[in-house]
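For reference, the structure is listed below as structure tokens.
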Amino acid sequence: MTTTDRVTATLLLNPTVCDGRGLCHHAAPDLIELDEWGYPLLPGGGLRADLTKAEQKAAEDATHACPVLALHIERRK
Amino acid sequence: MGRLGIETRSSLSMHLSEHGALPTPAPRHGKTPGRLVAELERSGLRGRGGGWFPAFRKWNAVVDSSVERGRLGRTRHPVVIANGMEGEPASAKDAVLMASSAHLIFDGISAAAATIGATDAFLALHRDSNLLPILTKALDERHAAGIDALPISLVTPPARYVASEESALSHWVGEGIATPVYPDRPFQKGAAGRPTLVQNVETLSHVALIARHGGDWYRQVGVPSAPGTTLVTIGGAVQEEGVVEVPTGTPVRDIIALAGGLTEPVRGYLTGGYGGGWVAADGFDSTAWDPDAMRDAGAVIGASVLWLVGESECPLNEIARVTAWMAGESAGQCGPCIYGLPSISDDVHHLAMRHMNDSEMKRLEQRLKLVQNRGGCKHPDGTARFVATGLKAFADEVALHLDRRCSAPLGRPVSRPGTEGSLPVPAPRLALVDISGRDFE
């Protein structure tokens, strides 16, 4: 396992806050897809997605793009 | 004759002569909960609200969270909420229990409050419930007799399906808003941010018996993995719909016999309620009614509902009616629920109407996966499971419908949500369905 595929953080989505504006997808199209109703799909399909070092930058871009603060990154210690 | 006494409605004096007074529960000391938690662990009691989670673990979790100080170093005193909402339209067990054995439930609340050191205690039931006068009267009796160290209050959240979910109940008690909360869990941050024990009323009535007779006595009945008795709501193609109390592990066919047997051959069963799942008839009646055996049989014990669909009915019609109702019960917080459930409901409606083609069927199957694990509560997951298990259990009927046919002799058209059908769907708001035949006043 190389340093780039080690899990360094977790991306968390709060679905009760998310409005489906889709800006996360535009900021990080390779990480976050949108479903047929315009709501984000994290890798794995749930509300938590483990991030490798390589994915962390995209996750930060998506998190910063969200106007309603529905995304959150939890870093591993 | 069961342990919970659902056959008769008892006043406080009848309750005391039947069960004796509740022994004064040992109170919590600092980080240590009262001794009743140890008895709960011995008893193996698991929650009867649907999750069948070990009760002692939940109580310990509430005590542990309340030891952590809140903001400004303030102690966070726990809250107890007895869940008598019975959001499942196909379930009637909690209503029957509250009507007959209210004092057993209140004893359980009192014992729980002392054991975990709660400073507020509530019983929650649907705003429209016709049990309100009975429970108010029972509380008045207890107040006059001075038997509850901590006074218990009744709270009446709106009669909505998701309002009975435990974070929604805590939200209602704390803030007066009956929507589910994410991601905080009630045992950590519940009503007004305080650690909150939400426990189903049937579970609390078992607690009242364990407080009197101990964990070893409790285990004498039922299966070792989920001991005791359990209330079952049985309905559909049986002679006498109603609520029965049976030891866990009772075979399904014996529960059907208690309901007077079948009215016609059965083609499938709904288990657990609308948040549960369907199973095909083949051999299912030999399954034991306990959470693990049910899961192994592809069923869900959930809120302990058993609904039988007879051969004369098209189960897809019923599934379409209920799915439409479930879609309308969304709290409107999460996109996959707000948009996903109505899309799924439309698809199922088309299938029931025999208007569906293969590509639409594939889209439905994708949508059923798409809405799972993406909500702040499990409402979308439960609805998707209700539909997905139905499509599987009645695969032959699905194939007929895709071929523009239907097996039901009368080929009944799909009724609109809330209109006449077999499975109970409240319309437009929940009126308690008294399927026990008892007069609730």
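If you're wondering about the labels, chains in the structure tokens are A, B, ... by order shown, residues count from 1 in each chain, ligands from 1 in order shown.
Residue-level contact on chain B: within 6 Å of chain A, counting only C-alpha atoms, the set is B:Gln333, B:Cys334, B:Asn373, B:Arg374, B:Gly375, B:Gly376.
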Practice task
Name all residues at most 8 Å from Thr52 (chain A) (count only C-alpha atoms; drop same-chain ones fewer than 5 positions away) and give them as a list in words.
Solution key: Thr4, Asp5, Arg6, Val7, Thr8 and Ala9 of chain A
Handout entry: Surrounding residues of Val80 (chain B) excluding itself and chain neighbours under 2 positions, 9 Å, only C-alpha atoms, as a PyMOL selection string
Key = chain B and resi 78+82+109+112-113+116+118-123+195-199
Exercise for the section: Among the residues of chain A, find those DSSP assigns to alpha helix (DSSP H) from the backbone and print them as a list in words. Expected result: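 Answer for chain A restricted to alpha helix (DSSP H) is Leu23, Cys24, His25, His26, Ala27, Lys53, Ala54, Glu55, Gln56, Lys57, Ala58, Ala59, Glu60, Asp61, Ala62, Thr63, His64 and Ala65 of chain A.
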For those residues, write C-alpha atoms to a file as a PDB file, in the first residue's frame.
ATOM      1  CA  LEU A  23     -22.015  22.637  -6.386  1.00  0.00           C
ATOM      2  CA  CYS A  24     -20.023  19.826  -4.748  1.00  0.00           C
ATOM      3  CA  HIS A  25     -20.252  17.834  -7.968  1.00  0.00           C
ATOM      4  CA  HIS A  26     -19.052  20.791 -10.039  1.00  0.00           C
ATOM      5  CA  ALA A  27     -16.128  21.358  -7.668  1.00  0.00           C
ATOM      6  CA  LYS A  53      -4.580  11.232   0.447  1.00  0.00           C
ATOM      7  CA  ALA A  54      -5.103  11.598  -3.317  1.00  0.00           C
ATOM      8  CA  GLU A  55      -8.845  12.236  -2.875  1.00  0.00           C
ATOM      9  CA  GLN A  56      -8.529  14.642   0.004  1.00  0.00           C
ATOM     10  CA  LYS A  57      -7.959  17.773  -2.123  1.00  0.00           C
ATOM     11  CA  ALA A  58     -11.096  17.116  -4.182  1.00  0.00           C
ATOM     12  CA  ALA A  59     -13.094  16.498  -1.002  1.00  0.00           C
ATOM     13  CA  GLU A  60     -11.889  19.820   0.410  1.00  0.00           C
ATOM     14  CA  ASP A  61     -12.919  21.620  -2.800  1.00  0.00           C
ATOM     15  CA  ALA A  62     -16.386  20.033  -2.604  1.00  0.00           C
ATOM     16  CA  THR A  63     -16.736  20.890   1.074  1.00  0.00           C
ATOM     17  CA  HIS A  64     -15.765  24.523   0.476  1.00  0.00           C
ATOM     18  CA  ALA A  65     -18.160  24.777  -2.484  1.00  0.00           C
TER      19      ALA A  65
END
Practice task
Excluding region 130-144 of chain B and residues on its chain fewer than 2 positions from it, collect all residues at most 8 Å away from it, counting only C-alpha atoms, and give them as a VMD selection string.
Solution key: chain B and resid 11 to 12 95 98 to 99 102 to 103 128 146 to 148 151 to 152 154 432 440 to 441
Keeping N, CA and C atoms, export the residues of the selection given above as a PDB file, in the first residue's frame.
ATOM      1  N   SER B  11     -57.370  -1.157  36.641  1.00  0.00           N
ATOM      2  CA  SER B  11     -57.202   0.073  37.416  1.00  0.00           C
ATOM      3  C   SER B  11     -55.955  -0.099  38.285  1.00  0.00           C
ATOM      4  N   LEU B  12     -55.575   0.951  39.025  1.00  0.00           N
ATOM      5  CA  LEU B  12     -54.380   0.853  39.868  1.00  0.00           C
ATOM      6  C   LEU B  12     -54.556  -0.226  40.934  1.00  0.00           C
ATOM      7  N   ALA B  95     -51.250  -0.004  21.444  1.00  0.00           N
ATOM      8  CA  ALA B  95     -52.547   0.554  21.848  1.00  0.00           C
ATOM      9  C   ALA B  95     -53.281  -0.411  22.771  1.00  0.00           C
ATOM     10  N   MET B  98     -51.504  -0.319  26.138  1.00  0.00           N
ATOM     11  CA  MET B  98     -51.748   0.918  26.897  1.00  0.00           C
ATOM     12  C   MET B  98     -53.166   0.947  27.439  1.00  0.00           C
ATOM     13  N   ALA B  99     -54.113   0.365  26.661  1.00  0.00           N
ATOM     14  CA  ALA B  99     -55.499   0.346  27.112  1.00  0.00           C
ATOM     15  C   ALA B  99     -55.689  -0.615  28.283  1.00  0.00           C
ATOM     16  N   ALA B 102     -51.781  -0.005  31.494  1.00  0.00           N
ATOM     17  CA  ALA B 102     -51.065   1.268  31.564  1.00  0.00           C
ATOM     18  C   ALA B 102     -50.121   1.325  32.772  1.00  0.00           C
ATOM     19  N   HIS B 103     -50.575   0.740  33.895  1.00  0.00           N
ATOM     20  CA  HIS B 103     -49.755   0.872  35.116  1.00  0.00           C
ATOM     21  C   HIS B 103     -48.453   0.088  35.040  1.00  0.00           C
ATOM     22  N   ASP B 128     -53.830  12.160  18.017  1.00  0.00           N
ATOM     23  CA  ASP B 128     -55.216  11.765  17.773  1.00  0.00           C
ATOM     24  C   ASP B 128     -55.644  10.553  18.590  1.00  0.00           C
ATOM     25  N   GLY B 146     -49.429   8.693  45.146  1.00  0.00           N
ATOM     26  CA  GLY B 146     -48.048   9.120  45.401  1.00  0.00           C
ATOM     27  C   GLY B 146     -47.012   8.037  45.135  1.00  0.00           C
ATOM     28  N   ILE B 147     -47.187   7.259  44.056  1.00  0.00           N
ATOM     29  CA  ILE B 147     -46.256   6.137  43.864  1.00  0.00           C
ATOM     30  C   ILE B 147     -45.105   6.417  42.906  1.00  0.00           C
ATOM     31  N   ASP B 148     -45.125   7.530  42.188  1.00  0.00           N
ATOM     32  CA  ASP B 148     -43.997   7.809  41.295  1.00  0.00           C
ATOM     33  C   ASP B 148     -43.113   8.892  41.904  1.00  0.00           C
ATOM     34  N   PRO B 151     -42.609  12.653  38.698  1.00  0.00           N
ATOM     35  CA  PRO B 151     -43.893  12.692  37.985  1.00  0.00           C
ATOM     36  C   PRO B 151     -43.714  12.413  36.489  1.00  0.00           C
ATOM     37  N   ILE B 152     -44.661  11.682  35.910  1.00  0.00           N
ATOM     38  CA  ILE B 152     -44.601  11.332  34.488  1.00  0.00           C
ATOM     39  C   ILE B 152     -45.610  12.212  33.738  1.00  0.00           C
ATOM     40  N   LEU B 154     -47.624  13.233  29.991  1.00  0.00           N
ATOM     41  CA  LEU B 154     -47.994  12.756  28.657  1.00  0.00           C
ATOM     42  C   LEU B 154     -47.629  13.818  27.631  1.00  0.00           C
ATOM     43  N   LEU B 432     -57.187   5.517  15.165  1.00  0.00           N
ATOM     44  CA  LEU B 432     -56.705   4.252  15.716  1.00  0.00           C
ATOM     45  C   LEU B 432     -57.593   3.124  15.234  1.00  0.00           C
ATOM     46  N   PHE B 440     -62.589   1.156  23.462  1.00  0.00           N
ATOM     47  CA  PHE B 440     -61.605   2.063  24.058  1.00  0.00           C
ATOM     48  C   PHE B 440     -62.247   3.298  24.686  1.00  0.00           C
ATOM     49  N   GLU B 441     -63.532   3.362  24.743  1.00  0.00           N
ATOM     50  CA  GLU B 441     -64.300   4.526  25.232  1.00  0.00           C
ATOM     51  C   GLU B 441     -64.377   5.606  24.162  1.00  0.00           C
TER      52      GLU B 441
END
Exercise for the section: Write out as a list in words each polymer residue whose atoms come within 8 Å of region 63-67 of chain B, counting only C-alpha atoms; drop sequence neighbours fewer than 4 positions from it. Expected result: Gly30, Lys31, Thr32, Pro33, Trp59, Thr75, Arg76, His77, Pro78, Ile116, Gly117, Phe187, Gln188, Arg194 and Pro195 of chain B
Just to be explicit: take each residue in the selection above, keep N, CA and C atoms, and write the result as a compact mmCIF listing (two decimals), in the first residue's frame.
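Done, and the output landed in selection.txt:
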# COMPACT_ATOMS: atom_id res chain seq x y z
N GLY B 30 -23.71 8.45 40.94
CA GLY B 30 -22.62 8.97 40.10
C GLY B 30 -22.62 8.30 38.75
N LYS B 31 -21.49 7.62 38.43
CA LYS B 31 -21.36 6.99 37.12
C LYS B 31 -22.01 5.61 37.08
N THR B 32 -22.46 5.12 38.23
CA THR B 32 -22.99 3.76 38.28
C THR B 32 -24.51 3.76 38.24
N PRO B 33 -25.10 3.11 37.22
CA PRO B 33 -26.55 3.04 37.17
C PRO B 33 -27.09 2.12 38.27
N TRP B 59 -29.45 1.61 28.16
CA TRP B 59 -29.48 2.30 29.46
C TRP B 59 -28.06 2.70 29.86
N THR B 75 -23.84 19.43 34.30
CA THR B 75 -24.24 18.03 34.22
C THR B 75 -25.44 17.93 33.28
N ARG B 76 -25.45 16.87 32.49
CA ARG B 76 -26.58 16.69 31.57
C ARG B 76 -27.44 15.57 32.11
N HIS B 77 -28.49 15.93 32.81
CA HIS B 77 -29.37 14.92 33.42
C HIS B 77 -30.19 14.21 32.35
N PRO B 78 -30.28 12.88 32.43
CA PRO B 78 -31.01 12.13 31.40
C PRO B 78 -32.52 12.38 31.40
N ILE B 116 -31.44 5.18 35.83
CA ILE B 116 -30.46 5.96 35.04
C ILE B 116 -30.32 7.39 35.56
N GLY B 117 -31.04 7.74 36.60
CA GLY B 117 -30.92 9.08 37.18
C GLY B 117 -31.57 10.17 36.34
N PHE B 187 -29.35 8.85 22.69
CA PHE B 187 -28.67 8.47 23.94
C PHE B 187 -27.49 9.40 24.23
N GLN B 188 -26.98 10.10 23.16
CA GLN B 188 -25.91 11.08 23.39
C GLN B 188 -26.49 12.47 23.59
N ARG B 194 -29.97 16.72 25.95
CA ARG B 194 -29.68 15.83 27.09
C ARG B 194 -29.73 14.37 26.67
N PRO B 195 -28.94 13.52 27.33
CA PRO B 195 -28.98 12.09 27.00
C PRO B 195 -30.39 11.56 27.24
Handout entry: Long-range neighbours of His401 (chain B) as a PyMOL selection string, 10 Å cut-off, only C-alpha atoms, 3 positions minimum in chain
Key = chain B and resi 316+350-357+395-398+404-407
Practice task
For region 226-242 of chain B, work out the shell of residues within 7 Å, counting only C-alpha atoms and skipping chain neighbours fewer than 2 positions away, then give it as a ChimeraX atom specification.
Solution key: /B:44-46,91-93,218-219,221-224,244-248,259-264,290,304-310,422,435-436
With C-alpha atoms retained, could you export that selection as a short mmCIF file (atom, residue, chain, number, x, y, z; two decimals), in the first residue's frame?
data_model
loop_
_atom_site.label_atom_id
_atom_site.label_comp_id
_atom_site.auth_asym_id
_atom_site.auth_seq_id
_atom_site.Cartn_x
_atom_site.Cartn_y
_atom_site.Cartn_z
CA GLY B 44 -31.60 -10.63 27.96
CA LEU B 45 -34.46 -8.18 27.33
CA ARG B 46 -34.39 -6.68 23.84
CA SER B 91 -49.59 -2.62 14.40
CA ALA B 92 -52.05 -2.39 17.29
CA LYS B 93 -50.07 -4.02 20.10
CA TYR B 218 -37.76 -13.50 32.93
CA ARG B 219 -35.59 -15.91 30.91
CA VAL B 221 -39.90 -18.22 28.81
CA GLY B 222 -38.92 -17.67 25.18
CA VAL B 223 -35.68 -18.25 23.25
CA PRO B 224 -32.30 -17.61 24.95
CA VAL B 244 -51.81 -11.96 21.04
CA GLU B 245 -49.02 -12.49 23.57
CA VAL B 246 -46.74 -15.44 22.83
CA PRO B 247 -43.33 -16.65 24.03
CA THR B 248 -40.60 -15.62 21.58
CA ALA B 259 -56.05 -15.98 15.44
CA GLY B 260 -58.58 -18.70 14.62
CA GLY B 261 -56.81 -19.98 11.49
CA LEU B 262 -56.90 -18.89 7.87
CA THR B 263 -59.83 -17.54 5.87
CA GLU B 264 -58.25 -18.66 2.58
CA ASP B 290 -37.88 -14.42 17.20
CA SER B 304 -43.98 -7.77 15.63
CA VAL B 305 -46.63 -7.49 12.92
CA LEU B 306 -47.81 -10.52 10.93
CA TRP B 307 -50.10 -9.72 8.00
CA LEU B 308 -51.37 -12.47 5.72
CA VAL B 309 -52.25 -11.87 2.08
CA GLY B 310 -54.73 -14.37 0.71
CA SER B 422 -56.73 -4.76 2.71
CA ILE B 435 -58.65 -4.50 15.56
CA SER B 436 -58.85 -6.09 18.99
#
